[in-house]
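What follows is the content of query.cif, which has mmCIF, C-alpha atoms:
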data_run
#
loop_
_atom_site.label_atom_id
_atom_site.label_comp_id
_atom_site.auth_asym_id
_atom_site.auth_seq_id
_atom_site.Cartn_x
_atom_site.Cartn_y
_atom_site.Cartn_z
CA MET A 1 18.06 -7.66 50.68
CA ALA A 2 16.27 -7.98 47.39
CA GLU A 3 13.44 -10.50 47.21
CA ARG A 4 12.06 -12.10 44.13
CA VAL A 5 8.28 -12.45 43.99
CA GLU A 6 6.83 -14.78 41.37
CA VAL A 7 3.90 -13.29 39.50
CA ARG A 8 1.72 -14.95 36.89
CA GLU A 9 -0.57 -12.49 35.24
CA ASN A 10 -1.40 -11.00 31.91
CA VAL A 11 0.16 -7.56 31.40
CA LEU A 12 -3.12 -6.40 29.87
CA LYS A 13 -5.15 -7.73 32.82
CA GLU A 14 -6.89 -4.39 33.32
CA ASN A 15 -7.99 -4.45 29.68
CA ASP A 16 -9.05 -8.07 30.09
CA ARG A 17 -11.00 -7.26 33.26
CA ILE A 18 -12.98 -4.53 31.45
CA ALA A 19 -13.41 -6.83 28.43
CA GLY A 20 -14.88 -9.43 30.78
CA GLU A 21 -17.35 -6.85 32.14
CA LEU A 22 -18.28 -5.88 28.60
CA ARG A 23 -18.74 -9.50 27.58
CA ARG A 24 -21.09 -10.14 30.53
CA ALA A 25 -23.03 -6.92 29.86
CA LEU A 26 -23.41 -7.83 26.17
CA ALA A 27 -24.46 -11.39 27.02
CA GLY A 28 -27.06 -9.99 29.42
CA ARG A 29 -28.56 -7.92 26.60
CA GLY A 30 -28.25 -10.78 24.09
CA THR A 31 -26.01 -8.62 21.91
CA LEU A 32 -23.62 -10.14 19.38
CA CYS A 33 -20.39 -8.10 19.23
CA LEU A 34 -18.05 -8.29 16.23
CA ASN A 35 -14.64 -6.59 16.17
CA LEU A 36 -13.57 -5.73 12.60
CA ILE A 37 -9.83 -5.48 12.03
CA SER A 38 -7.87 -4.78 8.84
CA SER A 39 -5.12 -2.63 7.42
CA PRO A 40 -6.16 0.92 6.44
CA GLY A 41 -8.15 0.99 3.21
CA ALA A 42 -9.15 -2.68 3.14
CA GLY A 43 -12.82 -1.67 3.23
CA LYS A 44 -14.11 -1.98 6.81
CA THR A 45 -16.26 1.14 6.67
CA SER A 46 -17.70 0.31 3.23
CA ILE A 47 -18.52 -3.22 4.39
CA LEU A 48 -20.30 -1.78 7.42
CA GLU A 49 -22.23 0.68 5.22
CA GLY A 50 -23.41 -2.19 3.02
CA THR A 51 -24.20 -4.31 6.09
CA LEU A 52 -26.25 -1.57 7.75
CA GLU A 53 -28.09 -0.98 4.48
CA ALA A 54 -29.00 -4.69 4.40
CA LEU A 55 -29.90 -4.91 8.11
CA LYS A 56 -32.10 -1.82 7.86
CA HIS A 57 -34.69 -4.09 6.22
CA THR A 58 -34.70 -6.54 9.13
CA PRO A 59 -36.11 -6.14 12.66
CA LEU A 60 -32.58 -6.32 14.08
CA ARG A 61 -31.37 -3.48 16.27
CA VAL A 62 -27.80 -2.56 15.46
CA ALA A 63 -25.18 -0.08 16.65
CA VAL A 64 -21.67 0.76 15.49
CA LEU A 65 -18.61 2.06 17.29
CA THR A 66 -15.91 3.13 14.89
CA GLY A 67 -12.34 3.87 15.86
CA ASP A 68 -9.94 6.21 14.14
CA ILE A 69 -6.94 8.19 15.18
CA GLN A 70 -8.55 11.40 13.97
CA THR A 71 -11.82 12.74 12.45
CA GLU A 72 -15.48 11.86 12.82
CA ARG A 73 -15.77 10.93 9.14
CA ASP A 74 -16.55 7.25 9.55
CA ALA A 75 -19.30 7.84 12.10
CA ASP A 76 -20.77 10.49 9.78
CA ARG A 77 -20.81 7.91 6.96
CA LEU A 78 -22.31 5.20 9.17
CA LYS A 79 -25.04 7.38 10.73
CA ARG A 80 -26.88 7.58 7.41
CA TYR A 81 -28.48 4.16 7.84
CA GLY A 82 -30.68 5.00 10.79
CA PHE A 83 -28.71 3.10 13.43
CA PRO A 84 -26.67 4.74 16.20
CA ALA A 85 -23.03 5.14 15.18
CA LEU A 86 -20.44 6.67 17.48
CA GLN A 87 -16.89 7.64 16.68
CA ILE A 88 -14.09 6.70 19.04
CA THR A 89 -11.26 9.10 18.29
CA THR A 90 -8.15 7.63 19.82
CA GLY A 91 -5.98 10.73 19.31
CA GLY A 92 -2.89 8.84 18.22
CA THR A 93 -3.43 5.41 19.71
CA CYS A 94 -3.21 2.70 17.06
CA HIS A 95 -5.88 0.37 18.47
CA LEU A 96 -9.07 0.34 20.52
CA ASP A 97 -8.96 -0.97 24.05
CA ALA A 98 -11.78 -2.31 26.20
CA GLY A 99 -12.02 0.90 28.25
CA MET A 100 -12.67 3.00 25.15
CA VAL A 101 -15.41 0.61 24.06
CA GLN A 102 -16.97 0.57 27.53
CA ARG A 103 -17.06 4.37 27.73
CA SER A 104 -18.64 4.58 24.27
CA MET A 105 -21.18 1.86 25.08
CA ALA A 106 -22.43 4.12 27.86
CA ARG A 107 -23.19 6.81 25.26
CA LEU A 108 -25.30 4.48 23.11
CA PRO A 109 -29.07 4.66 23.53
CA ALA A 110 -30.31 2.27 26.21
CA GLY A 111 -32.51 -0.65 25.28
CA ASP A 112 -32.31 -3.81 23.29
CA LEU A 113 -29.42 -4.29 20.94
CA ASP A 114 -28.96 -7.32 18.72
CA ILE A 115 -25.65 -6.54 17.07
CA LEU A 116 -22.79 -4.24 18.02
CA PHE A 117 -20.15 -3.72 15.35
CA VAL A 118 -16.81 -2.36 16.52
CA GLU A 119 -14.67 -1.05 13.68
CA ASN A 120 -11.11 -1.03 14.95
CA VAL A 121 -8.37 1.40 13.92
CA GLY A 122 -6.85 0.36 10.58
CA ASN A 123 -3.88 -1.74 11.69
CA LEU A 124 -3.14 -5.46 11.54
CA VAL A 125 -0.76 -5.56 14.51
CA CYS A 126 -1.81 -3.78 17.69
CA PRO A 127 -5.61 -4.38 17.66
CA ALA A 128 -4.91 -8.13 17.75
CA SER A 129 -3.62 -7.85 21.35
CA TYR A 130 -6.74 -6.22 22.83
CA ASP A 131 -9.83 -8.16 23.85
CA LEU A 132 -12.82 -5.83 23.48
CA GLY A 133 -15.35 -8.28 24.90
CA GLU A 134 -16.32 -9.28 21.37
CA ASP A 135 -17.79 -12.62 20.33
CA ALA A 136 -15.46 -12.76 17.34
CA LYS A 137 -12.67 -10.87 15.69
CA VAL A 138 -13.22 -10.51 11.95
CA VAL A 139 -10.17 -9.79 9.82
CA VAL A 140 -10.72 -8.11 6.47
CA LEU A 141 -8.13 -8.81 3.76
CA SER A 142 -8.77 -7.10 0.42
CA VAL A 143 -7.40 -8.58 -2.77
CA ALA A 144 -5.84 -5.18 -3.54
CA GLU A 145 -3.30 -6.04 -0.83
CA GLY A 146 -0.61 -8.71 -0.77
CA ASP A 147 -1.76 -12.32 -0.58
CA ASP A 148 1.04 -12.96 1.95
CA LYS A 149 -0.62 -10.91 4.72
CA PRO A 150 -1.63 -14.04 6.71
CA LEU A 151 2.04 -15.00 6.96
CA LYS A 152 3.27 -11.46 7.61
CA TYR A 153 0.70 -10.74 10.35
CA PRO A 154 -0.01 -14.19 11.81
CA GLY A 155 -1.16 -12.78 15.17
CA ILE A 156 -4.43 -11.36 13.88
CA PHE A 157 -5.14 -14.25 11.51
CA ARG A 158 -4.49 -16.61 14.41
CA ARG A 159 -7.04 -14.85 16.62
CA ALA A 160 -9.74 -14.11 14.03
CA ARG A 161 -12.74 -16.39 13.72
CA LEU A 162 -13.55 -15.14 10.20
CA MET A 163 -11.56 -13.72 7.32
CA LEU A 164 -13.45 -11.61 4.80
CA LEU A 165 -11.72 -11.80 1.45
CA HIS A 166 -12.90 -8.43 0.27
CA LYS A 167 -13.01 -6.50 -3.04
CA ILE A 168 -13.10 -9.98 -4.55
CA ASP A 169 -14.51 -8.49 -7.79
CA LEU A 170 -11.05 -6.98 -8.40
CA LEU A 171 -9.41 -10.42 -8.46
CA PRO A 172 -9.04 -10.61 -12.28
CA HIS A 173 -7.14 -7.29 -12.20
CA THR A 174 -4.61 -8.22 -9.53
CA ARG A 175 -1.91 -10.79 -9.00
CA PHE A 176 -3.49 -11.77 -5.69
CA ASP A 177 -3.43 -15.57 -5.34
CA ARG A 178 -6.73 -16.35 -3.63
CA ASP A 179 -6.01 -20.03 -3.02
CA ALA A 180 -2.60 -19.27 -1.51
CA ALA A 181 -4.04 -16.58 0.79
CA VAL A 182 -6.79 -18.91 2.06
CA ALA A 183 -4.38 -21.85 2.43
CA ASP A 184 -1.88 -19.71 4.37
CA ALA A 185 -4.60 -18.30 6.62
CA ARG A 186 -5.71 -21.88 7.37
CA ARG A 187 -2.15 -23.01 8.01
CA VAL A 188 -1.78 -20.20 10.54
CA ASN A 189 -5.27 -20.85 11.95
CA PRO A 190 -6.86 -24.14 10.87
CA ALA A 191 -10.24 -23.06 12.30
CA ILE A 192 -10.53 -19.74 10.45
CA GLU A 193 -13.66 -19.35 8.34
CA VAL A 194 -13.50 -17.52 5.02
CA VAL A 195 -16.22 -15.50 3.28
CA GLU A 196 -15.75 -13.59 0.02
CA THR A 197 -17.30 -10.15 -0.24
CA SER A 198 -17.64 -7.18 -2.54
CA CYS A 199 -19.42 -3.86 -1.99
CA VAL A 200 -19.82 -3.07 -5.69
CA ALA A 201 -20.38 -6.34 -7.57
CA GLU A 202 -21.20 -10.02 -7.13
CA PRO A 203 -21.07 -11.83 -4.71
CA GLY A 204 -22.03 -8.79 -2.60
CA LEU A 205 -22.32 -9.08 1.17
CA GLY A 206 -25.00 -11.79 1.37
CA ALA A 207 -22.75 -14.57 2.67
CA TRP A 208 -21.36 -12.19 5.31
CA THR A 209 -24.77 -11.06 6.56
CA ARG A 210 -25.88 -14.72 6.71
CA TRP A 211 -22.75 -15.49 8.74
CA ILE A 212 -23.70 -12.70 11.17
CA GLU A 213 -27.25 -14.01 11.52
CA GLN A 214 -25.91 -17.52 12.24
CA ARG A 215 -23.60 -16.16 14.95
CA LEU A 216 -26.49 -14.22 16.49
CA HIS A 217 -28.65 -17.35 16.49
CA GLU A 218 -25.78 -19.36 18.02
CA LYS A 219 -25.24 -16.75 20.71
CA ARG A 220 -28.93 -16.67 21.61
CA GLN A 221 -28.90 -20.48 21.94
CA ALA A 222 -25.77 -20.43 24.08
CA ASP A 223 -26.96 -17.58 26.34
CA ARG A 224 -30.42 -18.99 26.90
CA PRO A 225 -29.62 -21.26 29.89
CA ALA A 226 -27.77 -18.40 31.56
CA ARG A 227 -30.76 -16.09 31.25
CA ASP A 228 -33.37 -18.54 32.44
CA MET B 1 3.06 1.22 18.28
CA HIS B 2 0.99 0.17 21.26
CA GLU B 3 4.08 -0.39 23.37
CA LEU B 4 3.56 2.80 25.37
CA SER B 5 0.19 1.65 26.70
CA ILE B 6 1.67 -1.79 27.42
CA ALA B 7 4.58 -0.16 29.31
CA GLN B 8 1.99 1.76 31.32
CA SER B 9 0.14 -1.48 32.14
CA ILE B 10 3.40 -3.11 33.27
CA ALA B 11 4.15 -0.14 35.54
CA ASP B 12 0.59 -0.23 36.98
CA GLY B 13 0.86 -3.98 37.64
CA ALA B 14 4.26 -3.60 39.31
CA ARG B 15 2.98 -0.80 41.57
CA GLU B 16 -0.01 -2.89 42.59
CA HIS B 17 2.21 -5.84 43.58
CA ALA B 18 4.72 -3.58 45.34
CA SER B 19 1.99 -2.02 47.46
CA GLN B 20 0.62 -5.49 48.31
CA ASN B 21 4.14 -6.30 49.52
CA GLY B 22 4.43 -3.44 51.95
CA GLY B 23 5.19 -0.70 49.43
CA ARG B 24 8.77 -1.82 48.83
CA ARG B 25 10.80 -0.37 46.00
CA VAL B 26 10.72 -2.31 42.73
CA LEU B 27 14.20 -3.19 41.45
CA ARG B 28 13.36 -5.42 38.53
CA ILE B 29 10.27 -6.56 36.60
CA GLY B 30 10.23 -9.75 34.56
CA VAL B 31 7.88 -9.92 31.59
CA ARG B 32 7.43 -12.80 29.16
CA VAL B 33 6.89 -11.58 25.62
CA GLY B 34 5.53 -14.16 23.20
CA GLU B 35 6.96 -14.16 19.70
CA ILE B 36 3.47 -13.68 18.28
CA SER B 37 2.26 -11.21 20.93
CA GLY B 38 2.78 -8.34 18.52
CA VAL B 39 5.10 -6.46 20.85
CA ALA B 40 8.44 -5.01 19.73
CA VAL B 41 10.83 -5.55 22.65
CA GLU B 42 13.15 -2.61 21.86
CA ALA B 43 10.18 -0.25 21.63
CA LEU B 44 8.72 -1.63 24.86
CA GLN B 45 12.04 -1.21 26.67
CA PHE B 46 12.27 2.39 25.47
CA CYS B 47 8.65 3.19 26.35
CA PHE B 48 9.04 1.67 29.81
CA GLU B 49 12.04 3.86 30.64
CA MET B 50 10.12 6.87 29.39
CA THR B 51 6.99 6.11 31.35
CA VAL B 52 8.70 5.46 34.72
CA LYS B 53 11.15 8.38 34.53
CA ASP B 54 10.83 10.60 37.63
CA THR B 55 8.29 8.27 39.23
CA ASP B 56 8.54 5.76 42.09
CA LEU B 57 9.64 3.16 39.51
CA ASP B 58 12.51 5.24 38.10
CA GLY B 59 15.55 2.99 37.87
CA ALA B 60 13.60 -0.29 37.94
CA ALA B 61 14.96 -2.67 35.32
CA LEU B 62 12.66 -4.34 32.82
CA ASP B 63 13.68 -7.92 31.98
CA LEU B 64 11.97 -8.94 28.76
CA GLU B 65 12.09 -12.66 28.16
CA PRO B 66 11.18 -13.59 24.58
CA VAL B 67 9.05 -16.74 24.38
CA PRO B 68 9.29 -18.61 21.07
CA VAL B 69 6.11 -19.91 19.50
CA ARG B 70 5.46 -23.61 20.13
CA TYR B 71 2.75 -25.69 18.53
CA ARG B 72 1.44 -29.10 19.53
CA CYS B 73 0.23 -31.34 16.72
CA ALA B 74 -3.41 -32.39 17.21
CA ALA B 75 -2.76 -35.70 15.43
CA CYS B 76 0.49 -36.99 16.91
CA GLY B 77 1.19 -34.71 19.88
CA HIS B 78 4.58 -33.61 18.60
CA GLU B 79 5.64 -30.16 19.84
CA PHE B 80 7.56 -27.92 17.50
CA HIS B 81 8.64 -24.38 16.70
CA PRO B 82 6.78 -23.60 13.49
CA VAL B 83 8.35 -22.12 10.39
CA GLU B 84 6.52 -18.86 9.55
CA PHE B 85 3.82 -19.76 12.11
CA LEU B 86 2.45 -22.49 9.87
CA ALA B 87 0.62 -25.26 11.66
CA ASP B 88 1.97 -28.15 9.54
CA CYS B 89 3.49 -30.81 11.80
CA PRO B 90 7.10 -31.62 10.79
CA ALA B 91 6.77 -35.12 12.31
CA CYS B 92 3.57 -36.44 10.73
CA GLY B 93 2.58 -33.73 8.22
CA ALA B 94 -0.88 -33.15 9.69
CA ILE B 95 -2.30 -29.62 9.65
CA GLY B 96 -4.15 -28.56 12.76
CA ALA B 97 -1.60 -27.92 15.47
CA SER B 98 -2.61 -25.71 18.36
CA MET B 99 -0.43 -23.06 19.93
CA VAL B 100 0.90 -23.93 23.37
CA ALA B 101 3.25 -20.97 23.81
CA GLY B 102 4.22 -17.76 22.09
CA ASP B 103 1.20 -15.48 22.28
CA GLU B 104 1.56 -14.53 25.92
CA LEU B 105 2.36 -11.12 27.31
CA GLY B 106 2.69 -11.74 30.99
CA MET B 107 4.42 -10.49 34.08
CA SER B 108 6.54 -13.33 35.50
CA PHE B 109 8.33 -11.89 38.54
CA LEU B 110 9.16 -8.79 40.52
CA GLU B 111 12.35 -8.13 42.43
CA LEU B 112 11.62 -5.98 45.47
CA GLU B 113 14.08 -4.17 47.71
#
How would this structure read if it were set down as structure tokens?
Amino acid sequence: MAERVEVRENVLKENDRIAGELRRALAGRGTLCLNLISSPGAGKTSILEGTLEALKHTPLRVAVLTGDIQTERDADRLKRYGFPALQITTGGTCHLDAGMVQRSMARLPAGDLDILFVENVGNLVCPASYDLGEDAKVVVLSVAEGDDKPLKYPGIFRRARLMLLHKIDLLPHTRFDRDAAVADARRVNPAIEVVETSCVAEPGLGAWTRWIEQRLHEKRQADRPARD
Amino acid sequence: MHELSIAQSIADGAREHASQNGGRRVLRIGVRVGEISGVAVEALQFCFEMTVKDTDLDGAALDLEPVPVRYRCAACGHEFHPVEFLADCPACGAIGASMVAGDELGMSFLELE
């Protein structure tokens, strides 16, 4: 006779288990991990290039893992700044999972690491479901896209700590309603923080790199009791 | 389209529970799919059938139970199903509701032979 067994567990528990291991390993090294998510073409790789260029002039040790379905192009672009950058080629999978990040972490040079950037596969849907052990998900919305993205893809805006409103210099040339996009993002996620960025004009990436430094400082404060 | 890897995770979870229960055959798997979980139920159903075909789980039914999003207002405690996932409370108008259901993707039961 058939028997019904009640189960209460996350379907992605294996992913979550590995993400938990990653989170502990990163906390042990004092590493801040940021997971960048956007639609294709929003500007994740360019933002990272500009960020690495800026961080090159600081004592911070940084590494990048960049996910794409095919090609090593992004890692090739990101290696130019003197920090380790590894490509994760998913071969068709539309998101990174914690196992892929863990395997790639093992290929990074050992030693101290202050910041690990994970550039997810360009996609606003699937990457939202996977915990990669990051401290924060960062969603990039460029003003060349529709201002209704926060309402169309609420899952990622709900889970992101920060929204970068990117290519903001293009605003005068588009019909993108900045106030509506920010208001909608906040209605989906009242706690979401918003920073405006541009890789080619004012306001640049300064507010974003300051945000990163604040998160790193916060993380160091929070991890200190655990490491003592 | 991450439903194939999710189908694989469901199958792995079901096998683990079946073996903990004396290796009995799995007849049915219940999974709660939150409205905001980002999973397309038709695609998941299709991927599940594909992934268990010709395995020990071949023939096991997948019961997908959609879970609507529910918010609870931080100001007045009212619970509601939001329009377009917006956190504005229909009772008091405050913004700042938190989600109490709708982003889960969880196994809820197994039916074993």
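Near Gly106 in chain B, within a cut-off of 10 Å and counting all atoms listed in the file, sit the residues Val7, Arg8, Glu9, Asn10, Val11, Leu12 and Lys13 of chain A; Ile10, Gly30, Val31, Arg32, Val33, Gly34, Leu64, Glu65, Asp103 and Phe109 of chain B, with same-chain residues fewer than 3 positions away left out.
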Would you give me, as a count of residues only, the residues of chain B that come within 8 Å of chain A, using only C-alpha atoms? 29
Report, in Å with one decimal, the straight-line distance from CA of Val138 in chain A to CA of Cys89 in chain B.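 So the two atoms, CA of Val138 in chain A and CA of Cys89 in chain B, lie 26.3 Å apart.
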Identify all residues satisfying the PyMOL selection byres ((chain A and resi 164-167) around 8) in the given file; provide them as a list in words.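 Output of the PyMOL selection byres ((chain A and resi 164-167) around 8): Ala42, Gly43, Val138, Val139, Val140, Leu141, Ser142, Val143, Ala144, Leu162, Met163, Ile168, Asp169, Leu170, Leu171, Val194, Val195, Glu196, Thr197, Ser198, Cys199 and Trp208 of chain A.
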Name the residues captured by the PyMOL selection byres ((chain A and resi 85) around 8) when it is applied to the shown file; answer as a PyMOL selection string. chain A and resi 63-66+75-76+78-79+83-84+86-87
Polymer residues at most 6 Å from (-21.9, -3.4, 17.5) by all atoms listed in the file, as a PyMOL selection string: chain A and resi 33+63-64+115-118
Which residues fall under the PyMOL selection byres ((chain B and resi 44) around 10) in this file, as a tab-separated table (two decimals) with C-alpha atoms, in the coordinates of the input?
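Saved the output as out-v8.tsv:
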chain	number	residue	atom	x	y	z
B	1	MET	CA	3.06	1.22	18.28
B	2	HIS	CA	0.99	0.17	21.26
B	3	GLU	CA	4.08	-0.39	23.37
B	4	LEU	CA	3.56	2.80	25.37
B	5	SER	CA	0.19	1.65	26.70
B	6	ILE	CA	1.67	-1.79	27.42
B	7	ALA	CA	4.58	-0.16	29.31
B	8	GLN	CA	1.99	1.76	31.32
B	39	VAL	CA	5.10	-6.46	20.85
B	40	ALA	CA	8.44	-5.01	19.73
B	41	VAL	CA	10.83	-5.55	22.65
B	42	GLU	CA	13.15	-2.61	21.86
B	43	ALA	CA	10.18	-0.25	21.63
B	45	GLN	CA	12.04	-1.21	26.67
B	46	PHE	CA	12.27	2.39	25.47
B	47	CYS	CA	8.65	3.19	26.35
B	48	PHE	CA	9.04	1.67	29.81
B	49	GLU	CA	12.04	3.86	30.64
B	50	MET	CA	10.12	6.87	29.39
B	62	LEU	CA	12.66	-4.34	32.82
B	64	LEU	CA	11.97	-8.94	28.76
Have a look at CA of Glu49 in chain A and CA of Glu119 in chain A and let me know their distance in Å, one decimal. 11.5 Å
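Taking CA of Val101 in chain A and CA of Ala11 in chain B as the two end points, the separation is 22.7 Å.
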Restricting to all atoms listed in the file, whichever of A:His173, A:Gly28, A:Val62, A:Leu205 is closest to Gly50 in chain A is A:Leu205
Excluding Gly30 in chain A and residues on its chain fewer than 2 positions from it, collect all residues at most 7 Å away from it, counting all atoms listed in the file, and give them as a ChimeraX atom specification. /A:26-28,32,114,220
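Proximity ranking of A:Arg107, A:Tyr81, A:Thr90, A:Asp135 relative to Glu218 in chain A places A:Asp135 first, based on all atoms listed in the file.
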If you take every atom of range 188-201 of chain A that the file lists and fit an axis-aligned box around them with 6 Å extra on each side, what centre and edge lengths come out in Å to one decimal, as lines of an AutoDock Vina configuration file?
center_x = -11.1
center_y = -13.6
center_z = 2.4
size_x = 30.6
size_y = 33.1
size_z = 31.9
Can you sort out range 141-164 of chain A so it carries N, CA and C atoms, written as a short mmCIF file (atom, residue, chain, number, x, y, z; two decimals), in the coordinates of the input?
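The result, written out as out27.cif:
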data_model
loop_
_atom_site.label_atom_id
_atom_site.label_comp_id
_atom_site.auth_asym_id
_atom_site.auth_seq_id
_atom_site.Cartn_x
_atom_site.Cartn_y
_atom_site.Cartn_z
N LEU A 141 -9.30 -8.86 4.65
CA LEU A 141 -8.13 -8.81 3.76
C LEU A 141 -8.67 -8.53 2.36
N SER A 142 -8.28 -7.40 1.77
CA SER A 142 -8.77 -7.10 0.42
C SER A 142 -7.76 -7.63 -0.59
N VAL A 143 -8.28 -7.99 -1.76
CA VAL A 143 -7.40 -8.58 -2.77
C VAL A 143 -6.53 -7.51 -3.44
N ALA A 144 -6.74 -6.24 -3.05
CA ALA A 144 -5.84 -5.18 -3.54
C ALA A 144 -4.55 -5.16 -2.72
N GLU A 145 -4.51 -5.96 -1.65
CA GLU A 145 -3.30 -6.04 -0.83
C GLU A 145 -2.48 -7.28 -1.22
N GLY A 146 -1.43 -7.53 -0.49
CA GLY A 146 -0.61 -8.71 -0.77
C GLY A 146 -1.28 -9.97 -0.26
N ASP A 147 -1.14 -11.06 -1.03
CA ASP A 147 -1.76 -12.32 -0.58
C ASP A 147 -0.95 -12.98 0.54
N ASP A 148 0.21 -12.37 0.89
CA ASP A 148 1.04 -12.96 1.95
C ASP A 148 0.77 -12.34 3.32
N LYS A 149 -0.30 -11.54 3.42
CA LYS A 149 -0.62 -10.91 4.72
C LYS A 149 -0.82 -11.94 5.84
N PRO A 150 -1.47 -13.08 5.60
CA PRO A 150 -1.63 -14.04 6.71
C PRO A 150 -0.30 -14.50 7.29
N LEU A 151 0.73 -14.57 6.45
CA LEU A 151 2.04 -15.00 6.96
C LEU A 151 2.81 -13.83 7.58
N LYS A 152 2.54 -12.62 7.06
CA LYS A 152 3.27 -11.46 7.61
C LYS A 152 2.69 -10.99 8.94
N TYR A 153 1.37 -11.19 9.12
CA TYR A 153 0.70 -10.74 10.35
C TYR A 153 -0.05 -11.92 10.98
N PRO A 154 0.68 -12.97 11.36
CA PRO A 154 -0.01 -14.19 11.81
C PRO A 154 -0.84 -13.97 13.07
N GLY A 155 -0.46 -12.98 13.90
CA GLY A 155 -1.16 -12.78 15.17
C GLY A 155 -2.65 -12.57 14.97
N ILE A 156 -3.01 -11.67 14.07
CA ILE A 156 -4.43 -11.36 13.88
C ILE A 156 -5.15 -12.50 13.16
N PHE A 157 -4.48 -13.14 12.21
CA PHE A 157 -5.14 -14.25 11.51
C PHE A 157 -5.33 -15.45 12.44
N ARG A 158 -4.40 -15.57 13.40
CA ARG A 158 -4.49 -16.61 14.41
C ARG A 158 -5.72 -16.40 15.31
N ARG A 159 -5.99 -15.13 15.63
CA ARG A 159 -7.04 -14.85 16.62
C ARG A 159 -8.41 -14.60 15.99
N ALA A 160 -8.45 -14.43 14.67
CA ALA A 160 -9.74 -14.11 14.03
C ALA A 160 -10.56 -15.39 13.83
N ARG A 161 -11.87 -15.25 14.00
CA ARG A 161 -12.74 -16.39 13.72
C ARG A 161 -13.07 -16.43 12.22
N LEU A 162 -13.15 -15.24 11.61
CA LEU A 162 -13.55 -15.14 10.20
C LEU A 162 -12.60 -14.22 9.45
N MET A 163 -12.29 -14.61 8.23
CA MET A 163 -11.56 -13.72 7.32
C MET A 163 -12.51 -13.35 6.19
N LEU A 164 -12.70 -12.04 5.98
CA LEU A 164 -13.45 -11.61 4.80
C LEU A 164 -12.44 -11.34 3.70
#
